[in-house]
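Listing of target_14.txt, compact mmCIF, C-alpha atoms
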# COMPACT_ATOMS: atom_id res chain seq x y z
CA MET A 1 21.60 -50.66 8.82
CA ALA A 2 24.76 -51.73 7.02
CA THR A 3 25.32 -55.20 5.58
CA LEU A 4 28.88 -56.55 5.89
CA LEU A 5 30.63 -59.55 4.33
CA VAL A 6 33.23 -61.56 6.21
CA ALA A 7 35.37 -64.01 4.18
CA ASP A 8 37.43 -66.49 6.19
CA ASP A 9 38.00 -70.24 5.89
CA LEU A 10 37.84 -70.74 9.66
CA VAL A 11 34.36 -71.19 11.08
CA PRO A 12 35.27 -69.96 14.61
CA ILE A 13 36.74 -66.74 13.18
CA ARG A 14 33.60 -66.10 11.14
CA GLN A 15 31.47 -66.72 14.23
CA MET A 16 33.55 -64.35 16.36
CA VAL A 17 33.31 -61.62 13.75
CA ARG A 18 29.59 -62.15 13.27
CA ILE A 19 28.81 -62.09 17.00
CA THR A 20 31.04 -59.05 17.55
CA LEU A 21 29.61 -57.00 14.70
CA SER A 22 25.99 -57.96 15.30
CA THR A 23 26.21 -55.91 18.52
CA GLN A 24 26.26 -52.84 16.27
CA GLY A 25 23.05 -53.80 14.50
CA TRP A 26 24.85 -54.71 11.28
CA THR A 27 23.79 -57.67 9.13
CA ILE A 28 26.65 -60.11 8.52
CA LEU A 29 27.09 -62.25 5.38
CA GLU A 30 29.70 -65.03 5.30
CA ALA A 31 31.97 -66.61 2.70
CA LYS A 32 34.38 -69.49 3.33
CA ASN A 33 36.77 -68.91 0.42
CA GLY A 34 37.83 -66.39 -2.21
CA THR A 35 35.47 -67.62 -4.89
CA GLU A 36 32.44 -67.39 -2.60
CA ALA A 37 33.56 -63.94 -1.43
CA LEU A 38 33.59 -62.62 -5.00
CA GLU A 39 30.21 -64.17 -5.72
CA VAL A 40 28.55 -62.68 -2.61
CA ALA A 41 30.20 -59.28 -3.17
CA ARG A 42 28.78 -59.07 -6.69
CA THR A 43 25.28 -60.27 -5.89
CA GLN A 44 24.67 -58.72 -2.44
CA LYS A 45 26.70 -55.49 -2.71
CA PRO A 46 27.65 -55.29 1.00
CA SER A 47 28.67 -51.93 2.54
CA LEU A 48 32.08 -53.32 3.55
CA ILE A 49 34.10 -56.53 3.12
CA LEU A 50 36.43 -58.21 5.63
CA LEU A 51 38.97 -60.45 3.86
CA ASP A 52 41.21 -63.17 5.25
CA VAL A 53 44.30 -63.90 3.09
CA ASP A 54 44.77 -67.68 3.19
CA MET A 55 41.40 -69.26 2.52
CA GLY A 56 42.29 -72.65 1.06
CA PRO A 57 41.80 -73.36 -2.65
CA GLY A 58 40.84 -70.55 -5.03
CA PRO A 59 41.99 -66.92 -5.02
CA ASN A 60 43.56 -65.64 -1.78
CA GLY A 61 42.39 -62.45 -0.06
CA PHE A 62 44.85 -60.19 -1.87
CA GLU A 63 43.69 -61.55 -5.24
CA VAL A 64 40.04 -61.22 -4.26
CA CYS A 65 40.66 -57.59 -3.28
CA LYS A 66 42.40 -56.84 -6.57
CA THR A 67 39.56 -58.42 -8.53
CA LEU A 68 36.93 -56.44 -6.61
CA LYS A 69 38.79 -53.19 -7.24
CA ALA A 70 39.04 -53.94 -10.94
CA ASP A 71 35.27 -54.45 -11.26
CA ALA A 72 33.21 -51.24 -11.64
CA ALA A 73 30.31 -52.88 -9.79
CA THR A 74 32.36 -53.56 -6.65
CA LYS A 75 35.30 -51.16 -6.72
CA ASP A 76 33.68 -48.68 -4.31
CA ILE A 77 33.08 -51.25 -1.54
CA PRO A 78 35.73 -50.65 1.14
CA VAL A 79 37.84 -53.73 1.94
CA VAL A 80 39.48 -54.48 5.29
CA MET A 81 42.13 -57.21 5.31
CA LEU A 82 41.87 -59.40 8.42
CA THR A 83 44.79 -61.81 8.48
CA ALA A 84 47.55 -63.42 10.54
CA HIS A 85 50.07 -62.16 7.95
CA GLU A 86 51.62 -59.32 9.89
CA SER A 87 54.81 -58.42 8.05
CA ASP A 88 55.28 -54.99 6.50
CA SER A 89 55.62 -56.50 3.06
CA ASP A 90 52.24 -58.25 3.44
CA ARG A 91 50.67 -54.96 4.52
CA ALA A 92 52.16 -53.30 1.47
CA ILE A 93 50.68 -56.01 -0.76
CA GLY A 94 47.29 -55.55 0.89
CA PHE A 95 47.21 -51.79 0.40
CA ALA A 96 48.56 -52.16 -3.13
CA ALA A 97 45.63 -54.51 -3.83
CA GLY A 98 43.28 -51.67 -2.81
CA ALA A 99 42.47 -52.47 0.83
CA THR A 100 41.23 -49.52 2.92
CA GLN A 101 42.51 -50.95 6.20
CA TYR A 102 44.75 -53.82 7.29
CA LEU A 103 44.03 -55.58 10.60
CA THR A 104 46.06 -58.51 11.94
CA LYS A 105 44.96 -61.52 13.94
CA PRO A 106 44.48 -61.83 16.78
CA PHE A 107 42.19 -58.82 16.53
CA GLY A 108 40.34 -57.11 19.41
CA PRO A 109 36.56 -56.68 19.24
CA LEU A 110 36.67 -52.93 19.90
CA GLU A 111 39.48 -52.47 17.38
CA LEU A 112 37.36 -54.26 14.77
CA ILE A 113 34.20 -52.30 15.56
CA ASP A 114 35.98 -48.93 15.69
CA THR A 115 37.77 -49.56 12.39
CA ILE A 116 34.55 -50.47 10.59
CA ARG A 117 32.61 -47.59 12.14
CA GLY A 118 35.30 -45.15 11.04
CA ILE A 119 35.19 -46.42 7.46
CA LEU A 120 31.39 -46.53 7.27
CA ALA A 121 31.21 -42.97 8.63
CA HIS A 122 33.42 -41.75 5.82
CA SER A 123 31.73 -43.61 2.99
CA MET B 1 62.45 -89.49 -4.33
CA THR B 2 64.17 -91.19 -7.28
CA ILE B 3 65.39 -94.74 -7.00
CA GLU B 4 68.37 -95.86 -8.99
CA VAL B 5 67.76 -99.30 -10.48
CA VAL B 6 70.89 -101.44 -10.95
CA GLU B 7 70.58 -103.47 -14.11
CA VAL B 8 72.37 -106.78 -13.61
CA SER B 9 71.53 -109.42 -16.18
CA PRO B 10 71.89 -107.78 -19.61
CA ASN B 11 75.56 -106.83 -19.14
CA ILE B 12 76.90 -110.33 -18.49
CA VAL B 13 77.91 -112.43 -21.54
CA LEU B 14 77.23 -116.15 -20.97
CA PRO B 15 79.54 -118.82 -22.44
CA PRO B 16 77.99 -120.92 -25.26
CA ALA B 17 75.88 -123.85 -24.00
CA GLY B 18 77.06 -127.55 -24.01
CA GLU B 19 80.84 -126.97 -24.68
CA THR B 20 82.41 -128.61 -21.63
CA VAL B 21 81.15 -130.14 -18.40
CA ALA B 22 82.99 -127.51 -16.50
CA GLY B 23 81.61 -124.92 -18.81
CA GLU B 24 78.07 -126.26 -18.36
CA VAL B 25 78.37 -126.22 -14.57
CA PHE B 26 79.76 -122.76 -14.62
CA ARG B 27 76.97 -121.61 -16.91
CA GLN B 28 74.31 -123.02 -14.60
CA LEU B 29 75.93 -121.54 -11.49
CA LEU B 30 76.17 -118.23 -13.19
CA GLN B 31 72.51 -118.34 -14.26
CA GLN B 32 71.53 -119.11 -10.69
CA ALA B 33 73.65 -116.26 -9.42
CA ILE B 34 72.01 -113.93 -11.92
CA ARG B 35 68.54 -115.05 -10.83
CA VAL B 36 69.40 -114.40 -7.20
CA ALA B 37 70.86 -111.02 -8.03
CA ASP B 38 67.80 -110.13 -10.11
CA GLN B 39 65.51 -111.13 -7.29
CA ALA B 40 67.47 -109.08 -4.76
CA ASN B 41 67.45 -106.15 -7.09
CA SER B 42 63.70 -106.14 -7.66
CA GLN B 43 63.16 -106.61 -3.94
CA SER B 44 65.15 -103.46 -3.13
CA VAL B 45 63.36 -101.55 -5.85
CA ARG B 46 60.09 -102.63 -4.35
CA MET B 47 61.21 -101.63 -0.85
CA ALA B 48 62.43 -98.26 -2.05
CA ALA B 49 59.11 -97.57 -3.76
CA ASP B 50 57.20 -98.58 -0.64
CA PHE B 51 59.39 -96.34 1.46
CA ALA B 52 58.83 -93.42 -0.89
CA GLU B 53 55.07 -93.91 -0.77
CA THR B 54 55.01 -94.14 3.02
CA TYR B 55 57.19 -91.07 3.31
CA ARG B 56 54.87 -89.09 1.06
CA ARG B 57 51.87 -90.08 3.15
CA GLU B 58 53.72 -89.19 6.33
CA GLN B 59 54.59 -85.76 4.93
CA ALA B 60 51.00 -85.07 3.93
CA ILE B 61 49.73 -86.03 7.38
CA ARG B 62 52.43 -83.97 9.03
CA SER B 63 51.66 -80.81 7.03
CA GLU B 64 47.95 -81.26 7.61
CA TYR B 65 48.67 -81.63 11.31
CA GLU B 66 50.88 -78.57 11.30
CA ALA B 67 48.20 -76.53 9.54
CA LYS B 68 45.66 -77.61 12.13
CA LEU B 69 48.12 -76.75 14.88
CA ARG B 70 48.66 -73.27 13.41
CA GLU B 71 44.90 -72.83 13.24
CA LEU B 72 44.51 -73.87 16.89
CA ARG B 73 47.29 -71.55 18.00
CA LEU B 74 45.71 -68.66 16.09
CA MET B 75 42.33 -69.37 17.68
CA GLU B 76 43.95 -69.59 21.10
CA ARG B 77 45.60 -66.20 20.68
CA GLN B 78 42.37 -64.81 19.24
CA THR B 79 40.37 -66.05 22.24
CA THR B 80 42.91 -64.66 24.68
CA ARG B 81 42.76 -61.31 22.92
CA TYR B 82 38.98 -61.24 23.19
CA ALA B 83 39.08 -62.18 26.88
CA GLU B 84 41.59 -59.37 27.54
CA ASP B 85 39.43 -56.83 25.74
CA LEU B 86 36.36 -58.02 27.59
CA ALA B 87 38.13 -57.73 30.95
CA GLN B 88 39.31 -54.24 30.00
CA MET B 89 35.79 -53.20 29.02
CA LEU B 90 34.35 -54.55 32.26
CA ARG B 91 36.99 -52.69 34.28
CA ALA B 92 36.28 -49.45 32.44
CA GLU B 93 32.55 -49.99 32.86
CA ARG B 94 32.93 -50.51 36.60
CA GLU B 95 35.09 -47.40 36.95
CA ARG B 96 32.56 -45.35 35.00
CA ARG B 97 29.75 -46.61 37.19
CA GLU B 98 31.65 -45.84 40.37
CA GLU B 99 32.47 -42.37 39.12
CA LEU B 100 28.84 -41.80 38.20
CA GLU B 101 27.71 -42.93 41.63
CA ARG B 102 30.22 -40.58 43.27
CA ALA B 103 29.00 -37.69 41.14
CA LEU B 104 25.37 -38.51 41.90
CA ASN B 105 26.10 -38.66 45.58
CA GLN B 106 27.85 -35.28 45.49
CA GLU B 107 24.90 -33.86 43.61
CA ARG B 108 22.53 -35.23 46.23
CA VAL B 109 24.54 -33.76 49.09
CA ALA B 110 24.75 -30.39 47.31
CA ASN B 111 21.01 -30.40 46.65
CA GLU B 112 20.18 -31.26 50.23
CA GLU B 113 22.54 -28.48 51.39
CA LEU B 114 20.85 -26.01 49.06
CA ARG B 115 17.41 -27.03 50.26
CA ARG B 116 18.43 -26.67 53.91
CA THR B 117 19.93 -23.26 53.23
CA GLY B 118 16.74 -22.22 51.44
CA LEU B 119 14.47 -23.46 54.20
CA GLN B 120 16.64 -21.77 56.86
CA GLY B 121 16.42 -18.56 54.85
CA ILE B 122 12.65 -18.88 54.83
CA SER B 123 12.40 -19.26 58.57
CA HIS B 124 14.62 -16.20 59.16
CA LEU B 125 12.56 -14.11 56.76
CA LEU B 126 9.35 -15.28 58.36
CA LEU B 127 10.60 -14.55 61.83
CA ALA B 128 11.44 -10.98 60.82
CA ALA B 129 8.15 -10.44 58.96
CA THR B 130 6.05 -11.99 61.70
CA LEU B 131 7.61 -9.84 64.41
CA LYS B 132 6.91 -6.74 62.40
CA ASP B 133 3.50 -7.49 60.93
CA GLN B 134 2.00 -9.27 63.90
CA THR B 135 0.83 -11.82 61.38
CA THR B 136 0.60 -15.04 63.29
CA GLY B 137 2.55 -18.12 62.38
CA ALA B 138 -0.75 -19.97 62.46
CA HIS B 139 -2.09 -17.81 59.60
CA LEU B 140 0.93 -18.64 57.46
CA LEU B 141 0.62 -22.33 58.27
CA ARG B 142 -3.06 -22.43 57.36
CA VAL B 143 -2.37 -20.59 54.11
CA ARG B 144 0.35 -23.08 53.32
CA ARG B 145 -1.95 -26.04 54.01
CA TYR B 146 -4.80 -24.51 51.97
CA VAL B 147 -2.42 -23.85 49.08
CA GLU B 148 -1.13 -27.43 49.12
CA ALA B 149 -4.66 -28.79 49.30
CA ILE B 150 -5.86 -26.63 46.38
CA ALA B 151 -2.83 -27.49 44.24
CA GLY B 152 -3.39 -31.18 44.96
CA ARG B 153 -7.09 -30.89 44.11
CA LEU B 154 -6.15 -29.20 40.82
CA GLY B 155 -4.09 -32.32 40.01
CA LEU B 156 -0.63 -30.72 40.13
CA PRO B 157 2.36 -33.04 40.71
CA GLN B 158 3.62 -33.59 44.25
CA ALA B 159 6.88 -31.61 43.71
CA ILE B 160 4.98 -28.54 42.43
CA THR B 161 2.46 -28.78 45.24
CA GLU B 162 5.26 -28.77 47.82
CA GLU B 163 7.04 -25.89 46.13
CA MET B 164 3.86 -23.80 46.07
CA GLY B 165 3.37 -24.66 49.74
CA TYR B 166 6.72 -23.43 51.03
CA SER B 167 6.65 -20.50 48.62
CA SER B 168 3.26 -19.32 49.87
CA VAL B 169 4.49 -18.56 53.40
CA MET B 170 6.75 -15.80 52.03
CA HIS B 171 4.01 -13.84 50.26
CA ASP B 172 4.18 -10.93 52.70
CA VAL B 173 7.94 -10.78 53.47
CA GLY B 174 8.12 -7.40 51.69
CA LYS B 175 6.09 -5.90 54.57
CA ILE B 176 9.31 -5.69 56.56
CA HIS B 177 9.89 -2.40 54.73
CA THR B 178 6.35 -1.06 55.23
CA PRO B 179 6.05 1.59 57.98
CA ASP B 180 4.32 0.37 61.14
CA HIS B 181 1.63 3.04 61.14
CA ILE B 182 0.39 1.86 57.76
CA LEU B 183 0.60 -1.85 58.61
CA GLN B 184 -1.22 -1.41 61.89
CA SER B 185 -3.67 1.23 60.76
CA GLU B 186 -7.22 0.42 61.78
CA HIS B 187 -8.63 3.01 59.40
CA HIS B 188 -9.14 3.00 55.71
CA LEU B 189 -5.79 3.83 54.04
CA SER B 190 -5.41 7.14 52.22
CA SER B 191 -4.42 6.88 48.59
CA GLU B 192 -0.85 7.89 49.48
CA GLU B 193 -0.70 5.29 52.21
CA PHE B 194 -2.12 2.73 49.79
CA GLU B 195 0.68 3.48 47.30
CA VAL B 196 3.20 2.73 50.08
CA MET B 197 1.29 -0.46 50.96
CA LYS B 198 1.49 -1.69 47.34
CA GLN B 199 5.27 -1.49 47.57
CA HIS B 200 5.43 -4.60 49.80
CA CYS B 201 4.78 -6.85 46.77
CA ILE B 202 7.73 -5.41 44.88
CA ASP B 203 10.00 -5.38 47.95
CA GLY B 204 9.13 -9.02 48.63
CA GLU B 205 10.14 -10.07 45.13
CA ILE B 206 13.45 -8.21 45.45
CA MET B 207 14.19 -9.64 48.90
CA LEU B 208 13.85 -13.16 47.56
CA GLY B 209 16.92 -12.69 45.33
CA ASP B 210 17.50 -14.68 42.18
CA ALA B 211 17.97 -18.28 43.38
CA ARG B 212 15.94 -20.92 41.54
CA PHE B 213 14.69 -22.14 44.92
CA PHE B 214 12.70 -18.92 45.40
CA GLU B 215 11.40 -18.59 41.82
CA THR B 216 7.82 -19.45 42.75
CA ALA B 217 8.08 -17.52 46.01
CA ARG B 218 9.08 -14.38 44.05
CA ALA B 219 6.07 -14.72 41.74
CA VAL B 220 3.77 -15.24 44.73
CA ALA B 221 5.20 -12.23 46.61
CA ARG B 222 4.79 -9.99 43.57
CA GLU B 223 1.39 -11.18 42.34
CA HIS B 224 -0.67 -12.25 45.35
CA HIS B 225 -2.67 -9.00 45.26
CA GLU B 226 -3.33 -9.18 41.54
CA ARG B 227 -6.96 -9.87 40.52
CA TRP B 228 -8.37 -12.20 37.88
CA ASP B 229 -10.16 -9.24 36.24
CA GLY B 230 -6.96 -7.14 36.07
CA ASN B 231 -7.91 -4.63 38.76
CA GLY B 232 -5.32 -5.73 41.31
CA TYR B 233 -1.85 -4.42 42.16
CA PRO B 234 1.05 -3.75 41.70
CA ASP B 235 1.03 -4.54 37.93
CA GLY B 236 -2.65 -4.94 37.05
CA LYS B 237 -2.00 -8.37 35.53
CA LYS B 238 -5.03 -10.29 34.33
CA GLY B 239 -6.13 -13.95 34.15
CA ASP B 240 -3.49 -16.46 33.14
CA ALA B 241 -0.83 -13.72 33.11
CA ILE B 242 -0.83 -14.09 36.90
CA SER B 243 1.11 -17.18 38.00
CA LEU B 244 -1.04 -20.10 39.13
CA ALA B 245 0.77 -20.19 42.49
CA ALA B 246 -0.20 -16.53 43.14
CA ARG B 247 -3.82 -17.16 42.08
CA ILE B 248 -4.00 -20.02 44.58
CA VAL B 249 -2.31 -18.06 47.39
CA SER B 250 -4.68 -15.16 46.78
CA VAL B 251 -7.76 -17.32 47.52
CA ALA B 252 -6.14 -19.04 50.54
CA ASP B 253 -4.86 -15.75 52.02
CA VAL B 254 -8.15 -13.88 51.68
CA PHE B 255 -10.23 -16.77 53.03
CA ASP B 256 -8.00 -17.12 56.08
CA ALA B 257 -8.03 -13.38 56.70
CA LEU B 258 -11.84 -13.34 56.55
CA THR B 259 -12.24 -16.30 58.90
CA SER B 260 -9.69 -14.97 61.43
CA LYS B 261 -10.20 -12.37 64.09
CA ARG B 262 -8.41 -9.08 63.43
CA PRO B 263 -8.10 -5.95 65.61
CA TYR B 264 -10.72 -4.24 63.42
CA LYS B 265 -13.13 -7.18 62.89
CA ASP B 266 -14.45 -10.45 64.26
CA ALA B 267 -13.80 -13.81 62.68
CA TRP B 268 -16.28 -14.80 59.96
CA SER B 269 -17.68 -18.30 59.86
CA ASP B 270 -16.38 -20.74 57.23
CA ASP B 271 -19.64 -20.47 55.31
CA GLU B 272 -19.51 -16.66 55.28
CA GLY B 273 -15.89 -16.76 54.18
CA MET B 274 -16.66 -19.30 51.48
CA ALA B 275 -19.64 -17.26 50.22
CA SER B 276 -17.41 -14.21 49.93
CA VAL B 277 -14.71 -16.14 48.02
CA LYS B 278 -17.34 -17.62 45.70
CA GLY B 279 -18.69 -14.15 45.09
CA GLY B 280 -15.22 -13.13 43.90
CA ALA B 281 -14.87 -15.98 41.39
CA GLY B 282 -14.18 -14.56 37.93
CA ALA B 283 -13.63 -11.06 39.38
CA GLN B 284 -10.99 -11.18 42.13
CA PHE B 285 -10.26 -14.90 41.84
CA ASP B 286 -9.53 -17.57 39.24
CA PRO B 287 -12.88 -19.50 38.99
CA ASP B 288 -11.07 -22.88 38.71
CA VAL B 289 -9.15 -22.22 41.92
CA VAL B 290 -12.37 -21.18 43.67
CA ALA B 291 -14.11 -24.35 42.45
CA ALA B 292 -11.25 -26.50 43.81
CA PHE B 293 -11.38 -24.62 47.10
CA GLU B 294 -15.13 -25.04 47.36
CA SER B 295 -14.83 -28.80 46.83
CA LEU B 296 -12.25 -28.86 49.64
CA GLN B 297 -14.70 -27.14 51.90
CA LEU B 298 -17.52 -29.49 50.92
CA ASP B 299 -15.49 -32.61 51.71
CA GLY B 300 -14.36 -31.16 55.06
CA THR B 301 -10.68 -30.66 54.20
CA ILE B 302 -10.74 -26.95 55.04
CA GLN B 303 -12.38 -27.58 58.41
CA ARG B 304 -9.84 -30.32 59.17
CA ILE B 305 -6.88 -28.03 58.34
CA ARG B 306 -8.26 -25.31 60.61
CA THR B 307 -8.67 -27.78 63.45
CA GLU B 308 -5.23 -29.32 63.01
CA VAL B 309 -3.37 -26.01 62.81
CA GLY B 310 -5.39 -24.56 65.67
CA SER B 311 -4.65 -27.54 67.93
CA GLY B 312 -0.97 -27.50 67.08
CA LYS B 313 -1.10 -30.79 65.19
CA ILE B 314 0.77 -29.50 62.20
CA ASP B 315 2.81 -31.25 59.51
Rewrite the coordinates I just gave you, this time as structure tokens.
Amino acid sequence: MATLLVADDLVPIRQMVRITLSTQGWTILEAKNGTEALEVARTQKPSLILLDVDMGPGPNGFEVCKTLKADAATKDIPVVMLTAHESDSDRAIGFAAGATQYLTKPFGPLELIDTIRGILAHS
Amino acid sequence: MTIEVVEVSPNIVLPPAGETVAGEVFRQLLQQAIRVADQANSQSVRMAADFAETYRREQAIRSEYEAKLRELRLMERQTTRYAEDLAQMLRAERERREELERALNQERVANEELRRTGLQGISHLLLAATLKDQTTGAHLLRVRRYVEAIAGRLGLPQAITEEMGYSSVMHDVGKIHTPDHILQSEHHLSSEEFEVMKQHCIDGEIMLGDARFFETARAVAREHHERWDGNGYPDGKKGDAISLAARIVSVADVFDALTSKRPYKDAWSDDEGMASVKGGAGAQFDPDVVAAFESLQLDGTIQRIRTEVGSGKID
């Protein structure tokens, strides 16, 4: 079963994601900011990473994504941005940083599950 | 915020001290005025600084509050979105269930219809065969009850037992094509006549078509004159190559024929019939089927079936 990392500064969002994704039998790791996200990604090598953009102090989600993609150890882990930033320019920044998918909040549970399933099936 | 400080004292040149009385008074008044002005000045500086500090604190609290508010609004929208999705899923789930129930119901109705059609077909076939063969309905009923009892004793599931039961009554339907003089002959059949007689097994199988409902009935019609040792007809099948239903019907049919009165013979007793069937175990009959049948006779089941069918207390 796949292990996934969700990075978000908001506890209720992390809980919602964890509860939603645990229905699929996936193991969910959590990080509350960019620095923690990078640390967990390097040490635990999850199958997929969900990244919020604004996560308080430290690198934001776009920067975390760019850093992951620049590191040979983590560059193959697919990243899904999960953020309230919904403008086209933000999307462009996300994909430029190397994100595989870009979801906006509020997100639907099925949308989240289907997106992740699709990516895991292809990787 | 920057606060402009007005410098008062250094720019004013005081007259030299002790020159005139008027000059001295003026000097003192002026000094007092300067002190007052200086005080007022530092007071406003102090107030401005306090204001700036308070404003900064206010701003920090306000932006923190606004961030919290944004967070709450996001969570509210997020929760609403989840509730909508959940409602949608529940609706879809209910529709799927209703559709499934409708489909199941249709299936049930169709199955029941099929079963009724099949059973009606059986009774028509039997009516025709009985009229022609002079086989009594009671014979067919006893065979059916024996077959069900044997199948049950062999441990077969209820559904199979029932299927073998209704299939057994059609074992002789092919006789509708057999000429009367052969069917009703009280003499030993010539070899030519016997060849014609064999044909009823094949005709029976053909008459029962290709519906799944008659699958077992077709096997029974074709194979109920086959023998365990391979010396039966029409195909000379041997042992397990003969369907279990036909092996069971064979025992039940022969036993009932032996223990019934026929134009050319009296009815044998149950014990005589049983002895004859036992004698055929391993030759004409499947030994396991004979053993099951014997145990049914020993525990009185066979006798009970004969009594019930004979007295009209059937099914």
Exercise for review: Find the residues of chain B in contact range of chain A, meaning any atom within 7 Å when counting only C-alpha atoms, and list them as a PyMOL selection string.
Suggested key: chain B and resi 74+77-78+81-82+85
**Study point:** Pick from B:Gln106, B:Ala211, B:Ile61, B:Tyr264 nearest to B:His188, counting only C-alpha atoms
**Key:**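 Comparing B:Gln106, B:Ala211, B:Ile61, B:Tyr264 against B:His188, the winner is B:Tyr264.
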Practice item. Find the residues around A:Arg14 up to 10 Å (all atoms listed in the file counted), leave out those fewer than 4 positions away in its own chain, and share them as an MDAnalysis selection string. Key: chainID A and resid 5:10 18:20 28:32
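Taking atom CA of A:Gln101 and atom CA of A:Leu48 as endpoints, the distance between them is 11.0 Å.
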Practice item. Figure out the distance between atom CA of B:Ala267 and atom CA of B:Arg306, please, to one decimal in Å. Key: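 Straight-line distance from atom CA of B:Arg306 to atom CA of B:Ala267 works out to 12.9 Å.
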Give me the residues near A:Phe62 as a PDB file with C-alpha atoms, in the frame of the given file, where near means some atom within 8 Å (using all atoms listed in the file) and where sequence neighbours in that chain fewer than 2 positions away do not count.
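Okay, this is what ended up in part-v5.pdb:
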ATOM      1  CA  VAL A  53      44.300 -63.900   3.090  1.00  0.00           C
ATOM      2  CA  PRO A  59      41.990 -66.920  -5.020  1.00  0.00           C
ATOM      3  CA  ASN A  60      43.560 -65.640  -1.780  1.00  0.00           C
ATOM      4  CA  VAL A  64      40.040 -61.220  -4.260  1.00  0.00           C
ATOM      5  CA  CYS A  65      40.660 -57.590  -3.280  1.00  0.00           C
ATOM      6  CA  LYS A  66      42.400 -56.840  -6.570  1.00  0.00           C
ATOM      7  CA  ILE A  93      50.680 -56.010  -0.760  1.00  0.00           C
ATOM      8  CA  GLY A  94      47.290 -55.550   0.890  1.00  0.00           C
ATOM      9  CA  ALA A  97      45.630 -54.510  -3.830  1.00  0.00           C
TER      10      ALA A  97
END
Supply stretch 103-115 of chain B as a PDB file, keeping the file's coordinate frame, with N, CA and C atoms built in where the input has gaps.
ATOM      1  N   ALA B 103      29.531 -38.971  41.604  1.00  0.00           N
ATOM      2  CA  ALA B 103      29.000 -37.690  41.140  1.00  0.00           C
ATOM      3  C   ALA B 103      27.565 -37.491  41.611  1.00  0.00           C
ATOM      4  N   LEU B 104      26.775 -38.579  41.488  1.00  0.00           N
ATOM      5  CA  LEU B 104      25.370 -38.510  41.900  1.00  0.00           C
ATOM      6  C   LEU B 104      25.251 -38.191  43.382  1.00  0.00           C
ATOM      7  N   ASN B 105      26.117 -38.853  44.141  1.00  0.00           N
ATOM      8  CA  ASN B 105      26.100 -38.660  45.580  1.00  0.00           C
ATOM      9  C   ASN B 105      26.430 -37.211  45.942  1.00  0.00           C
ATOM     10  N   GLN B 106      27.466 -36.667  45.266  1.00  0.00           N
ATOM     11  CA  GLN B 106      27.850 -35.280  45.490  1.00  0.00           C
ATOM     12  C   GLN B 106      26.685 -34.342  45.190  1.00  0.00           C
ATOM     13  N   GLU B 107      26.040 -34.657  44.047  1.00  0.00           N
ATOM     14  CA  GLU B 107      24.900 -33.860  43.610  1.00  0.00           C
ATOM     15  C   GLU B 107      23.811 -33.864  44.684  1.00  0.00           C
ATOM     16  N   ARG B 108      23.567 -35.080  45.224  1.00  0.00           N
ATOM     17  CA  ARG B 108      22.530 -35.230  46.230  1.00  0.00           C
ATOM     18  C   ARG B 108      22.855 -34.397  47.472  1.00  0.00           C
ATOM     19  N   VAL B 109      24.109 -34.508  47.909  1.00  0.00           N
ATOM     20  CA  VAL B 109      24.540 -33.760  49.090  1.00  0.00           C
ATOM     21  C   VAL B 109      24.382 -32.263  48.848  1.00  0.00           C
ATOM     22  N   ALA B 110      24.831 -31.819  47.651  1.00  0.00           N
ATOM     23  CA  ALA B 110      24.750 -30.390  47.310  1.00  0.00           C
ATOM     24  C   ALA B 110      23.301 -29.925  47.296  1.00  0.00           C
ATOM     25  N   ASN B 111      22.419 -30.764  46.719  1.00  0.00           N
ATOM     26  CA  ASN B 111      21.010 -30.400  46.650  1.00  0.00           C
ATOM     27  C   ASN B 111      20.392 -30.273  48.029  1.00  0.00           C
ATOM     28  N   GLU B 112      20.721 -31.241  48.870  1.00  0.00           N
ATOM     29  CA  GLU B 112      20.180 -31.260  50.230  1.00  0.00           C
ATOM     30  C   GLU B 112      20.643 -30.001  50.979  1.00  0.00           C
ATOM     31  N   GLU B 113      21.936 -29.663  50.767  1.00  0.00           N
ATOM     32  CA  GLU B 113      22.540 -28.480  51.390  1.00  0.00           C
ATOM     33  C   GLU B 113      21.777 -27.227  50.968  1.00  0.00           C
ATOM     34  N   LEU B 114      21.527 -27.166  49.640  1.00  0.00           N
ATOM     35  CA  LEU B 114      20.850 -26.010  49.060  1.00  0.00           C
ATOM     36  C   LEU B 114      19.452 -25.865  49.650  1.00  0.00           C
ATOM     37  N   ARG B 115      18.765 -27.010  49.748  1.00  0.00           N
ATOM     38  CA  ARG B 115      17.410 -27.030  50.260  1.00  0.00           C
ATOM     39  C   ARG B 115      17.377 -26.552  51.717  1.00  0.00           C
TER      40      ARG B 115
END
